[in-house]
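Below is coords.txt, holding compact mmCIF, C-alpha atoms.
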# COMPACT_ATOMS: atom_id res chain seq x y z
CA MET A 1 -11.10 -8.41 5.86
CA SER A 2 -10.08 -9.83 9.24
CA ILE A 3 -6.59 -9.48 10.67
CA GLU A 4 -7.70 -11.65 13.57
CA GLY A 5 -8.78 -14.35 11.15
CA VAL A 6 -5.51 -14.40 9.24
CA LEU A 7 -3.37 -14.36 12.39
CA GLY A 8 -5.48 -17.03 14.06
CA ARG A 9 -3.04 -19.84 13.23
CA LEU A 10 0.10 -17.98 14.30
CA ALA A 11 0.50 -19.89 17.57
CA GLU A 12 0.09 -23.15 15.64
CA ILE A 13 2.83 -22.43 13.09
CA LYS A 14 5.33 -20.73 15.44
CA PRO A 15 7.21 -23.90 16.47
CA GLY A 16 7.87 -24.72 12.83
CA LEU A 17 9.02 -21.17 12.15
CA HIS A 18 11.42 -21.38 15.10
CA ASP A 19 12.90 -24.57 13.63
CA LEU A 20 13.18 -22.89 10.23
CA TYR A 21 14.96 -19.89 11.74
CA ARG A 22 17.48 -22.07 13.57
CA ASP A 23 18.14 -24.05 10.40
CA LEU A 24 18.69 -20.93 8.29
CA HIS A 25 20.89 -19.39 10.98
CA ALA A 26 23.04 -22.51 11.15
CA HIS A 27 23.42 -22.68 7.34
CA PRO A 28 24.26 -19.16 6.10
CA GLU A 29 25.51 -18.50 2.59
CA LEU A 30 27.47 -15.57 1.18
CA SER A 31 25.99 -13.07 -1.28
CA SER A 32 25.12 -14.58 -4.69
CA GLN A 33 25.89 -18.06 -3.31
CA GLU A 34 22.56 -18.66 -1.54
CA HIS A 35 21.71 -21.93 -3.31
CA ARG A 36 20.64 -23.97 -0.28
CA THR A 37 18.62 -21.07 1.13
CA ALA A 38 16.87 -20.52 -2.19
CA GLY A 39 16.02 -24.21 -2.33
CA VAL A 40 14.51 -24.16 1.16
CA VAL A 41 12.44 -21.10 0.28
CA ALA A 42 11.20 -22.53 -3.03
CA GLN A 43 10.24 -25.84 -1.40
CA ARG A 44 8.20 -24.11 1.29
CA LEU A 45 6.49 -21.79 -1.18
CA THR A 46 5.51 -24.77 -3.33
CA ALA A 47 4.06 -26.53 -0.29
CA LEU A 48 1.90 -23.44 0.34
CA GLY A 49 0.47 -23.59 -3.18
CA VAL A 50 2.23 -20.40 -4.24
CA GLU A 51 3.44 -19.83 -7.81
CA VAL A 52 7.24 -20.08 -7.63
CA ALA A 53 10.00 -18.71 -9.86
CA GLU A 54 13.62 -19.54 -9.07
CA GLY A 55 16.89 -18.13 -10.32
CA VAL A 56 15.60 -14.57 -10.60
CA GLY A 57 18.55 -12.19 -10.74
CA GLY A 58 20.89 -15.07 -9.89
CA THR A 59 19.67 -16.98 -6.86
CA GLY A 60 16.54 -14.95 -6.13
CA VAL A 61 13.17 -16.58 -5.54
CA VAL A 62 9.76 -15.01 -6.18
CA GLY A 63 6.43 -16.35 -4.96
CA VAL A 64 3.09 -15.07 -6.26
CA LEU A 65 -0.02 -15.66 -4.16
CA ARG A 66 -3.14 -14.76 -6.13
CA ASN A 67 -6.54 -14.47 -4.47
CA GLY A 68 -9.01 -12.76 -6.77
CA ASP A 69 -9.38 -9.12 -7.63
CA GLY A 70 -7.74 -6.40 -5.61
CA PRO A 71 -4.48 -4.54 -5.07
CA THR A 72 -1.04 -6.08 -5.41
CA VAL A 73 1.38 -5.89 -2.49
CA LEU A 74 5.09 -6.69 -2.84
CA LEU A 75 6.76 -8.07 0.29
CA ARG A 76 10.52 -8.41 0.32
CA ALA A 77 13.02 -10.36 2.43
CA ASP A 78 16.76 -10.61 1.73
CA PHE A 79 18.58 -13.87 2.45
CA ASP A 80 22.36 -13.51 2.08
CA ALA A 81 24.83 -13.73 4.97
CA LEU A 82 28.13 -12.05 5.81
CA PRO A 83 31.81 -13.07 5.93
CA VAL A 84 31.78 -13.02 9.74
CA THR A 85 32.80 -15.82 12.12
CA GLU A 86 30.00 -16.27 14.65
CA GLN A 87 30.79 -15.89 18.35
CA THR A 88 27.31 -16.00 19.90
CA GLY A 89 27.76 -19.41 21.52
CA LEU A 90 24.19 -20.35 20.57
CA PRO A 91 23.40 -24.06 20.13
CA TYR A 92 22.43 -23.28 16.53
CA ALA A 93 25.39 -20.99 15.85
CA SER A 94 26.92 -21.13 12.40
CA THR A 95 30.16 -23.02 11.87
CA ALA A 96 29.94 -22.55 8.12
CA THR A 97 32.74 -21.26 5.95
CA GLY A 98 32.72 -19.92 2.42
CA ILE A 99 34.91 -18.50 -0.30
CA ASP A 100 34.67 -14.74 -0.64
CA ALA A 101 35.12 -12.61 -3.75
CA ASP A 102 38.90 -12.55 -3.22
CA GLY A 103 39.10 -16.34 -3.16
CA SER A 104 39.78 -16.50 0.59
CA GLU A 105 38.08 -18.90 2.96
CA VAL A 106 36.05 -17.00 5.54
CA GLY A 107 33.62 -17.74 8.33
CA VAL A 108 30.00 -17.12 7.35
CA MET A 109 27.23 -15.86 9.63
CA HIS A 110 23.77 -14.36 9.46
CA ALA A 111 25.09 -11.34 11.31
CA CYS A 112 22.45 -8.99 9.89
CA GLY A 113 19.28 -10.96 10.59
CA HIS A 114 18.38 -11.93 7.04
CA ASP A 115 17.51 -15.42 8.29
CA LEU A 116 14.85 -13.81 10.46
CA HIS A 117 13.55 -11.79 7.50
CA VAL A 118 13.02 -14.98 5.50
CA THR A 119 11.39 -16.77 8.42
CA CYS A 120 8.91 -13.96 9.01
CA LEU A 121 7.95 -13.61 5.35
CA LEU A 122 7.39 -17.36 4.95
CA GLY A 123 5.29 -17.31 8.11
CA ALA A 124 3.18 -14.42 6.83
CA LEU A 125 2.63 -16.19 3.50
CA ASP A 126 1.58 -19.37 5.33
CA LEU A 127 -1.09 -17.42 7.22
CA LEU A 128 -2.28 -15.48 4.17
CA ALA A 129 -2.46 -18.60 2.01
CA GLY A 130 -4.43 -20.45 4.68
CA GLU A 131 -7.09 -17.77 5.21
CA ARG A 132 -7.96 -16.58 1.72
CA SER A 133 -11.57 -15.81 2.63
CA ASP A 134 -10.34 -12.87 4.72
CA TRP A 135 -8.70 -10.90 1.91
CA SER A 136 -8.50 -10.46 -1.85
CA GLY A 137 -5.78 -9.33 -4.20
CA THR A 138 -2.24 -10.49 -4.96
CA VAL A 139 0.88 -10.84 -2.83
CA VAL A 140 4.27 -10.91 -4.56
CA ALA A 141 6.87 -12.30 -2.16
CA VAL A 142 10.46 -11.47 -3.07
CA PHE A 143 13.34 -13.41 -1.53
CA GLN A 144 16.31 -11.40 -2.62
CA PRO A 145 19.97 -12.39 -2.85
CA ALA A 146 23.06 -10.22 -2.53
CA GLU A 147 21.71 -7.35 -0.48
CA GLU A 148 24.99 -7.04 1.39
CA THR A 149 26.92 -6.43 -1.82
CA GLY A 150 24.32 -3.96 -3.10
CA ILE A 151 23.62 -5.80 -6.35
CA GLY A 152 20.72 -8.13 -5.57
CA ALA A 153 17.67 -5.91 -6.07
CA ALA A 154 19.09 -4.37 -9.26
CA ALA A 155 19.93 -7.83 -10.60
CA MET A 156 16.33 -9.00 -10.09
CA VAL A 157 14.98 -5.89 -11.80
CA GLU A 158 17.40 -6.33 -14.71
CA ASP A 159 16.22 -9.93 -15.01
CA GLY A 160 12.84 -8.65 -16.11
CA PHE A 161 11.20 -8.66 -12.68
CA PHE A 162 8.47 -6.15 -13.55
CA ASP A 163 7.72 -7.87 -16.86
CA ARG A 164 7.49 -11.33 -15.33
CA PHE A 165 5.51 -10.65 -12.15
CA PRO A 166 2.47 -8.55 -11.20
CA ARG A 167 3.18 -4.85 -10.83
CA PRO A 168 2.73 -3.85 -7.18
CA ASP A 169 0.68 -0.97 -5.85
CA VAL A 170 2.89 -0.75 -2.77
CA VAL A 171 6.20 -2.27 -1.62
CA LEU A 172 6.64 -3.30 2.03
CA GLY A 173 9.44 -4.80 4.10
CA GLN A 174 11.21 -4.84 7.44
CA HIS A 175 14.68 -5.13 8.97
CA VAL A 176 15.55 -6.51 12.37
CA ALA A 177 17.71 -4.21 14.49
CA PRO A 178 19.15 -3.88 18.02
CA MET A 179 16.16 -2.40 19.77
CA PRO A 180 13.72 -4.14 22.18
CA ALA A 181 11.99 -7.17 20.70
CA GLY A 182 8.31 -6.53 20.20
CA MET A 183 8.90 -2.93 19.11
CA LEU A 184 8.64 -1.75 15.52
CA GLY A 185 8.02 1.29 13.36
CA GLY A 186 9.02 3.13 10.20
CA HIS A 187 10.58 6.54 9.62
CA SER A 188 9.03 8.81 7.00
CA GLY A 189 11.24 10.27 4.29
CA PRO A 190 14.97 9.48 4.06
CA ALA A 191 15.17 6.36 6.23
CA PHE A 192 18.36 4.51 5.18
CA ALA A 193 21.45 6.30 3.90
CA ALA A 194 22.85 6.17 0.40
CA LEU A 195 26.06 4.15 0.19
CA ASP A 196 29.12 4.81 -1.95
CA SER A 197 31.86 2.17 -1.83
CA LEU A 198 35.42 2.80 -3.00
CA VAL A 199 38.44 0.54 -3.38
CA VAL A 200 41.63 2.61 -3.14
CA ARG A 201 45.05 1.38 -4.22
CA VAL A 202 48.00 3.52 -3.18
CA PHE A 203 51.43 2.86 -4.63
CA GLY A 204 54.78 3.27 -2.94
CA ARG A 205 58.23 1.92 -3.54
CA GLY A 206 59.08 -1.25 -1.68
CA GLY A 207 62.29 -2.27 -0.01
CA HIS A 208 63.95 -3.59 3.12
CA GLY A 209 62.31 -2.78 6.44
CA SER A 210 65.69 -1.72 7.84
CA ARG A 211 66.18 0.97 5.17
CA PRO A 212 62.89 2.93 4.89
CA GLU A 213 64.80 5.92 3.52
CA THR A 214 65.16 4.06 0.22
CA THR A 215 61.42 3.47 -0.06
CA VAL A 216 58.10 5.21 -0.19
CA ASP A 217 56.10 3.35 2.43
CA PRO A 218 52.47 2.77 1.29
CA ILE A 219 51.50 1.58 4.77
CA VAL A 220 52.41 4.94 6.28
CA LEU A 221 50.57 6.59 3.40
CA ALA A 222 47.50 4.43 4.02
CA ALA A 223 47.60 5.30 7.72
CA ALA A 224 47.78 9.01 6.92
CA ILE A 225 44.80 8.71 4.58
CA ILE A 226 42.75 6.82 7.18
CA LEU A 227 43.39 9.39 9.89
CA ARG A 228 42.83 12.39 7.61
CA LEU A 229 39.54 10.94 6.32
CA GLN A 230 38.18 11.13 9.85
CA THR A 231 38.30 14.93 9.62
CA VAL A 232 36.07 15.14 6.55
CA VAL A 233 32.78 14.71 8.39
CA SER A 234 33.89 16.52 11.55
CA ARG A 235 35.34 19.54 9.74
CA GLU A 236 33.66 19.75 6.34
CA VAL A 237 30.09 18.56 6.92
CA ALA A 238 27.65 20.71 8.88
CA ALA A 239 26.56 19.34 12.23
CA SER A 240 22.95 19.43 10.97
CA ASP A 241 23.81 17.03 8.13
CA LEU A 242 24.46 13.32 8.49
CA SER A 243 27.35 11.46 6.91
CA VAL A 244 29.63 8.58 7.86
CA ILE A 245 33.01 7.56 6.43
CA THR A 246 34.37 4.14 7.34
CA VAL A 247 37.55 2.42 6.23
CA GLY A 248 36.51 -1.17 6.73
CA SER A 249 39.42 -3.00 5.14
CA VAL A 250 43.17 -2.39 4.82
CA HIS A 251 45.60 -4.80 3.18
CA ALA A 252 49.33 -4.33 2.69
CA GLY A 253 52.45 -6.43 2.88
CA ASN A 254 53.12 -9.94 4.10
CA ARG A 255 56.33 -9.75 6.18
CA ASP A 256 57.47 -7.57 9.07
CA ASN A 257 60.79 -6.69 7.44
CA ILE A 258 59.57 -5.91 3.93
CA ILE A 259 58.07 -2.57 2.96
CA PRO A 260 55.55 -3.42 0.22
CA ASP A 261 54.89 -1.66 -3.06
CA GLU A 262 51.21 -0.93 -2.45
CA ALA A 263 48.32 -0.88 0.00
CA VAL A 264 44.59 -1.37 -0.61
CA LEU A 265 41.84 0.33 1.37
CA GLU A 266 38.09 -0.22 1.14
CA VAL A 267 36.03 2.84 2.06
CA SER A 268 32.28 3.23 2.61
CA ILE A 269 30.52 6.60 2.60
CA ARG A 270 26.97 7.20 3.86
CA SER A 271 24.87 10.28 3.13
CA TYR A 272 21.26 11.47 2.96
CA THR A 273 21.35 14.31 0.44
CA GLU A 274 23.02 14.73 -2.92
CA PRO A 275 24.87 17.96 -1.98
CA VAL A 276 26.41 16.30 1.10
CA ARG A 277 27.20 13.17 -0.89
CA ALA A 278 28.98 15.16 -3.61
CA LYS A 279 30.89 17.22 -1.07
CA VAL A 280 32.08 14.19 0.91
CA LEU A 281 33.08 12.20 -2.18
CA ALA A 282 35.09 15.15 -3.47
CA ALA A 283 36.78 15.57 -0.10
CA VAL A 284 37.65 11.88 0.10
CA ARG A 285 39.26 11.96 -3.33
CA ARG A 286 41.15 15.14 -2.42
CA VAL A 287 42.49 13.63 0.80
CA ILE A 288 43.65 10.45 -0.94
CA LYS A 289 45.45 12.32 -3.71
CA GLY A 290 46.82 14.97 -1.35
CA GLU A 291 48.32 12.48 1.08
CA ALA A 292 49.84 10.58 -1.84
CA ILE A 293 51.55 13.75 -3.07
CA ALA A 294 52.74 14.54 0.45
CA SER A 295 54.28 11.05 0.66
CA GLY A 296 56.26 11.56 -2.55
CA VAL A 297 54.73 8.75 -4.57
CA ASP A 298 55.68 8.22 -8.20
CA ARG A 299 52.22 6.95 -9.20
CA GLU A 300 48.78 8.41 -8.49
CA PRO A 301 46.36 6.32 -6.41
CA GLU A 302 43.71 4.29 -8.20
CA ILE A 303 40.16 4.82 -6.93
CA THR A 304 37.60 2.26 -8.09
CA VAL A 305 33.91 2.86 -7.52
CA MET A 306 32.13 -0.33 -6.41
CA PRO A 307 28.38 -1.07 -6.41
CA GLY A 308 26.65 1.11 -3.86
CA MET A 309 23.08 1.62 -2.67
CA PRO A 310 20.68 4.48 -3.33
CA LEU A 311 19.00 6.53 -0.64
CA LEU A 312 16.00 4.68 0.77
CA ARG A 313 13.20 7.25 1.04
CA ASN A 314 10.02 5.96 2.70
CA ASP A 315 6.87 7.43 1.18
CA PRO A 316 5.33 9.66 3.89
CA ALA A 317 1.70 8.66 3.24
CA THR A 318 2.52 4.96 3.04
CA THR A 319 4.64 5.10 6.18
CA SER A 320 1.96 7.00 8.09
CA ARG A 321 -0.68 4.48 7.06
CA THR A 322 1.56 1.54 8.00
CA ASN A 323 2.48 2.96 11.39
CA ALA A 324 -1.18 3.74 12.12
CA ALA A 325 -2.10 0.12 11.37
CA PHE A 326 0.70 -1.04 13.67
CA GLN A 327 -0.48 1.25 16.45
CA GLN A 328 -4.02 -0.05 16.14
CA TRP A 329 -2.95 -3.69 16.25
CA PHE A 330 0.08 -3.70 18.57
CA GLY A 331 -0.69 -0.61 20.66
CA THR A 332 0.92 2.81 20.59
CA ASP A 333 3.50 1.80 23.22
CA ARG A 334 5.06 -0.73 20.82
CA VAL A 335 5.33 1.51 17.75
CA LEU A 336 8.05 4.14 17.49
CA ASP A 337 9.82 6.30 14.94
CA PRO A 338 13.35 4.86 14.81
CA GLY A 339 14.70 7.92 13.02
CA ALA A 340 16.99 7.90 10.01
CA VAL A 341 19.32 4.89 9.94
CA THR A 342 22.91 5.36 8.80
CA GLY A 343 22.98 1.84 7.40
CA SER A 344 22.09 1.28 3.76
CA GLU A 345 19.61 -0.96 1.93
CA ASP A 346 18.74 -1.74 -1.69
CA PHE A 347 15.09 -2.48 -0.81
CA GLY A 348 14.01 0.85 -2.30
CA VAL A 349 15.09 -0.24 -5.79
CA PHE A 350 11.84 -2.21 -6.17
CA GLY A 351 9.74 0.91 -5.61
CA ASP A 352 11.99 3.55 -7.14
CA THR A 353 12.36 1.68 -10.44
CA ILE A 354 8.67 1.99 -11.29
CA GLY A 355 7.69 4.91 -9.08
CA VAL A 356 5.65 2.91 -6.57
CA PRO A 357 5.44 4.03 -2.91
CA TYR A 358 7.12 1.95 -0.25
CA CYS A 359 7.64 1.61 3.47
CA TYR A 360 10.53 -0.19 5.15
CA TRP A 361 10.27 -0.43 8.91
CA ILE A 362 12.53 -1.48 11.77
CA LEU A 363 11.77 -4.57 13.87
CA GLY A 364 13.28 -4.94 17.33
CA GLY A 365 15.26 -8.12 17.99
CA THR A 366 16.99 -7.63 21.36
CA GLU A 367 15.63 -9.19 24.54
CA ALA A 368 13.74 -6.31 26.14
CA ALA A 369 15.08 -6.66 29.69
CA THR A 370 18.66 -6.82 28.40
CA TYR A 371 18.14 -3.70 26.33
CA LEU A 372 16.51 -1.74 29.15
CA ALA A 373 19.30 -2.73 31.54
CA ALA A 374 21.84 -1.42 29.04
CA VAL A 375 19.89 1.84 28.73
CA GLU A 376 19.82 2.28 32.52
CA ALA A 377 23.56 1.64 32.71
CA ASP A 378 24.21 3.95 29.73
CA ARG A 379 25.95 1.05 27.98
CA VAL A 380 23.80 0.35 24.91
CA ASP A 381 26.72 0.71 22.49
CA GLU A 382 28.93 -1.52 24.64
CA ASP A 383 26.43 -4.21 25.71
CA ILE A 384 23.98 -4.57 22.81
CA PRO A 385 25.47 -6.24 19.70
CA SER A 386 24.54 -4.47 16.50
CA ASN A 387 24.06 -5.77 12.98
CA HIS A 388 27.26 -7.15 11.44
CA SER A 389 28.68 -8.01 14.87
CA PRO A 390 29.81 -11.64 15.44
CA PHE A 391 27.60 -11.54 18.55
CA PHE A 392 24.42 -10.35 16.80
CA ALA A 393 21.53 -12.81 17.01
CA PRO A 394 17.91 -11.73 17.47
CA VAL A 395 16.01 -13.39 20.32
CA ILE A 396 13.57 -15.76 18.64
CA GLU A 397 10.52 -14.60 20.55
CA PRO A 398 8.77 -12.28 20.52
CA THR A 399 10.72 -11.26 17.41
CA VAL A 400 9.31 -13.92 15.07
CA ALA A 401 5.73 -13.42 16.20
CA THR A 402 6.03 -9.65 15.90
CA GLY A 403 7.71 -9.84 12.50
CA VAL A 404 5.12 -12.22 11.05
CA SER A 405 2.26 -10.20 12.50
CA ALA A 406 3.70 -6.92 11.22
CA LEU A 407 3.90 -8.23 7.66
CA VAL A 408 0.34 -9.54 7.83
CA VAL A 409 -1.04 -6.33 9.35
CA ALA A 410 0.77 -4.12 6.84
CA THR A 411 -0.28 -6.29 3.90
CA LEU A 412 -3.95 -6.39 4.89
CA THR A 413 -3.90 -2.60 5.21
CA TRP A 414 -3.76 -2.52 1.39
CA LEU A 415 -5.45 -5.72 0.27
CA GLY A 416 -9.19 -5.81 -0.28
Taking this structure as input, can you express it in the form of structure tokens?
Amino acid sequence: MSIEGVLGRLAEIKPGLHDLYRDLHAHPELSSQEHRTAGVVAQRLTALGVEVAEGVGGTGVVGVLRNGDGPTVLLRADFDALPVTEQTGLPYASTATGIDADGSEVGVMHACGHDLHVTCLLGALDLLAGERSDWSGTVVAVFQPAEETGIGAAAMVEDGFFDRFPRPDVVLGQHVAPMPAGMLGGHSGPAFAALDSLVVRVFGRGGHGSRPETTVDPIVLAAAIILRLQTVVSREVAASDLSVITVGSVHAGNRDNIIPDEAVLEVSIRSYTEPVRAKVLAAVRRVIKGEAIASGVDREPEITVMPGMPLLRNDPATTSRTNAAFQQWFGTDRVLDPGAVTGSEDFGVFGDTIGVPYCYWILGGTEAATYLAAVEADRVDEDIPSNHSPFFAPVIEPTVATGVSALVVATLTWLG
């Protein structure tokens, strides 16, 4: 097995990967609507001589690269975009729009780097397919839809994924993040938080804006709930435990002089342990119901549980082995432990479903000098766009080269 041999063509294929990345970035598609992206992926896999299956779990694409006897490695990239209007000013910035689940037209952007994930995985497959004498075994490449809505991995599994494709011995993947490009590394154990998503409808009694005494104002009620929820983590969760509560969406009313009948809030809750999760969920429900009672409503709030994401728990042995391979190839100065991430991911579904170990690592995507300048000025949060920001766009290099190389190095750590 030769990592050098497999990566030998990387410089040759990089220009084409850069073009692919720009194309994907300029043509994002919302979750479960990734038809163009799936077509691009399938076409490229076919050109590489990879077995291709389309429409897995909706718009998912799976490529199987067989090369004799040996272990089976599953590599996963997600490819959906977000309802965000891009503001990067890049020459390949998205101007796309789409229709969201509520039927509204929204701007669409790859604000989480999934276009980079696809580019890197296709690049790694190109190199592996072209240098088959340097390894043996099977690579199952998963291009997953609907990660952002938390349903994509489960949909592929429910579509018979593990009956239709080779069972992996290990599951590997990566996610680009706002840390210096060229850096990477995985965190052992709980690495990405569990996500619970709630849609909350609170009911008031509408009326004229000039006579609030005749109404029960659901906007005031919603505001009280939002503010009180901010005390749950700070006053009910131990400082040694991690949890995050975010109200990411509030909708109520349509005129300044009309008090509406209801308000709708969308709440996300992140946690790392089941006791903390249960405690926070109970507190959130208590706050919502308590504030409704305090407001004098005639009807109890409705709380709808939406698809969430399970805790992503990196296997310690697999993560240690992967990080060691990275340190040997990239050097110890480029491999770090990013710590537990409060974001959530459904990547772990592929391993958890069949009890197979997995490792999901972080890949830096911010221009290094820009990041270091922000660190020196103590302005990382202010100056470095994070995932889901309209300004988030990984620098193409060295991010692509590092991401492709990381997938190859990690894969060859298991293949014969």
(message) Using Å and a single decimal, report how far CA of Pro145 in chain A sits from CA of His114 in chain A.
(response)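 Rounded to one decimal, the two atoms are 10.0 Å apart.
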(request) May I ask which of the residues A:Ile269, A:Val264, A:Ser2, A:Val199 is the closest one to Leu229 in chain A, counting all atoms listed in the file? (result)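 Ranking A:Ile269, A:Val264, A:Ser2, A:Val199 by distance to Leu229 in chain A, first place goes to A:Ile269.
CA of Gly365 in chain A is found 18.0 Å from CA of Pro91 in chain A.
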(request) Using only C-alpha atoms, find the one residue out of A:Ala377, A:Val250, A:Leu128, A:Met309 that sits nearest to Gly8 in chain A. (result)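 Comparing A:Ala377, A:Val250, A:Leu128, A:Met309 against Gly8 in chain A, the winner is A:Leu128.
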Contact check, range 77-154 of chain A to range 35-49 of chain A, at most 8 Å, counting only C-alpha atoms, closest pairs as a Markdown table:
| residue | atom | partner | partner_atom | distance |
| --- | --- | --- | --- | --- |
| A:Phe79 | CA | A:Thr37 | CA | 7.3 |
| A:Leu122 | CA | A:Leu45 | CA | 7.6 |
| A:Leu125 | CA | A:Leu48 | CA | 7.9 |
| A:Asp126 | CA | A:Leu48 | CA | 6.4 |
| A:Ala129 | CA | A:Leu48 | CA | 6.7 |
| A:Phe143 | CA | A:Val41 | CA | 8.0 |
Each range 54-100 of chain A residue no farther than 9 Å from range 410-415 of chain A, nearest pair in Å, only C-alpha atoms, as CSV:
residue,atom,partner,partner_atom,distance
A:Gly70,CA,A:Leu415,CA,6.3
A:Pro71,CA,A:Leu415,CA,5.6
A:Thr72,CA,A:Leu415,CA,7.2
A:Val73,CA,A:Thr411,CA,6.6
A:Leu74,CA,A:Thr411,CA,8.6
A:Leu75,CA,A:Thr411,CA,8.1
(message) Considering all atoms listed in the file, can you say which of A:Val106, A:Val56, A:Ala181, A:Ile259 comes closest to Arg205 in chain A?
(response)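 Closest candidate: A:Ile259.
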(message) Please list as a ChimeraX atom specification every residue within 12 Å of Gly403 in chain A, counting only C-alpha atoms and excluding residues in the same chain fewer than 6 positions away.
(response) /A:7,10,14,17,77,113,116-124,173-177,181-185,326,330,361-365,394-397,409-410
(request) Could you check which of A:Ala263, A:Ala374, A:Val237, A:Met179 is closest to Val216 in chain A, using only C-alpha atoms? (result)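 Closest to Val216 in chain A, using only C-alpha atoms: A:Ala263.
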(message) One decimal, in Å: what's the spacing between CA of Gly58 in chain A and CA of Tyr92 in chain A?
(response)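 So the answer is 27.7 Å.
Comparing the minimum interatomic distances between Ala222 in chain A and each of A:Ser234, A:Ser210, A:Thr342, A:Ser249, counting only C-alpha atoms, we find that A:Ser249 sits nearest.
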Pick out the residues sitting within 10 Å of Gln230 in chain A, and hand them over as a tab-separated table (two decimals) with C-alpha atoms, in the coordinates of the input; count all atoms listed in the file, and ignore anything fewer than 2 positions along from it in its own chain.
chain	number	residue	atom	x	y	z
A	225	ILE	CA	44.80	8.71	4.58
A	226	ILE	CA	42.75	6.82	7.18
A	227	LEU	CA	43.39	9.39	9.89
A	228	ARG	CA	42.83	12.39	7.61
A	232	VAL	CA	36.07	15.14	6.55
A	233	VAL	CA	32.78	14.71	8.39
A	234	SER	CA	33.89	16.52	11.55
A	235	ARG	CA	35.34	19.54	9.74
A	244	VAL	CA	29.63	8.58	7.86
A	245	ILE	CA	33.01	7.56	6.43
A	246	THR	CA	34.37	4.14	7.34
A	247	VAL	CA	37.55	2.42	6.23
A	284	VAL	CA	37.65	11.88	0.10
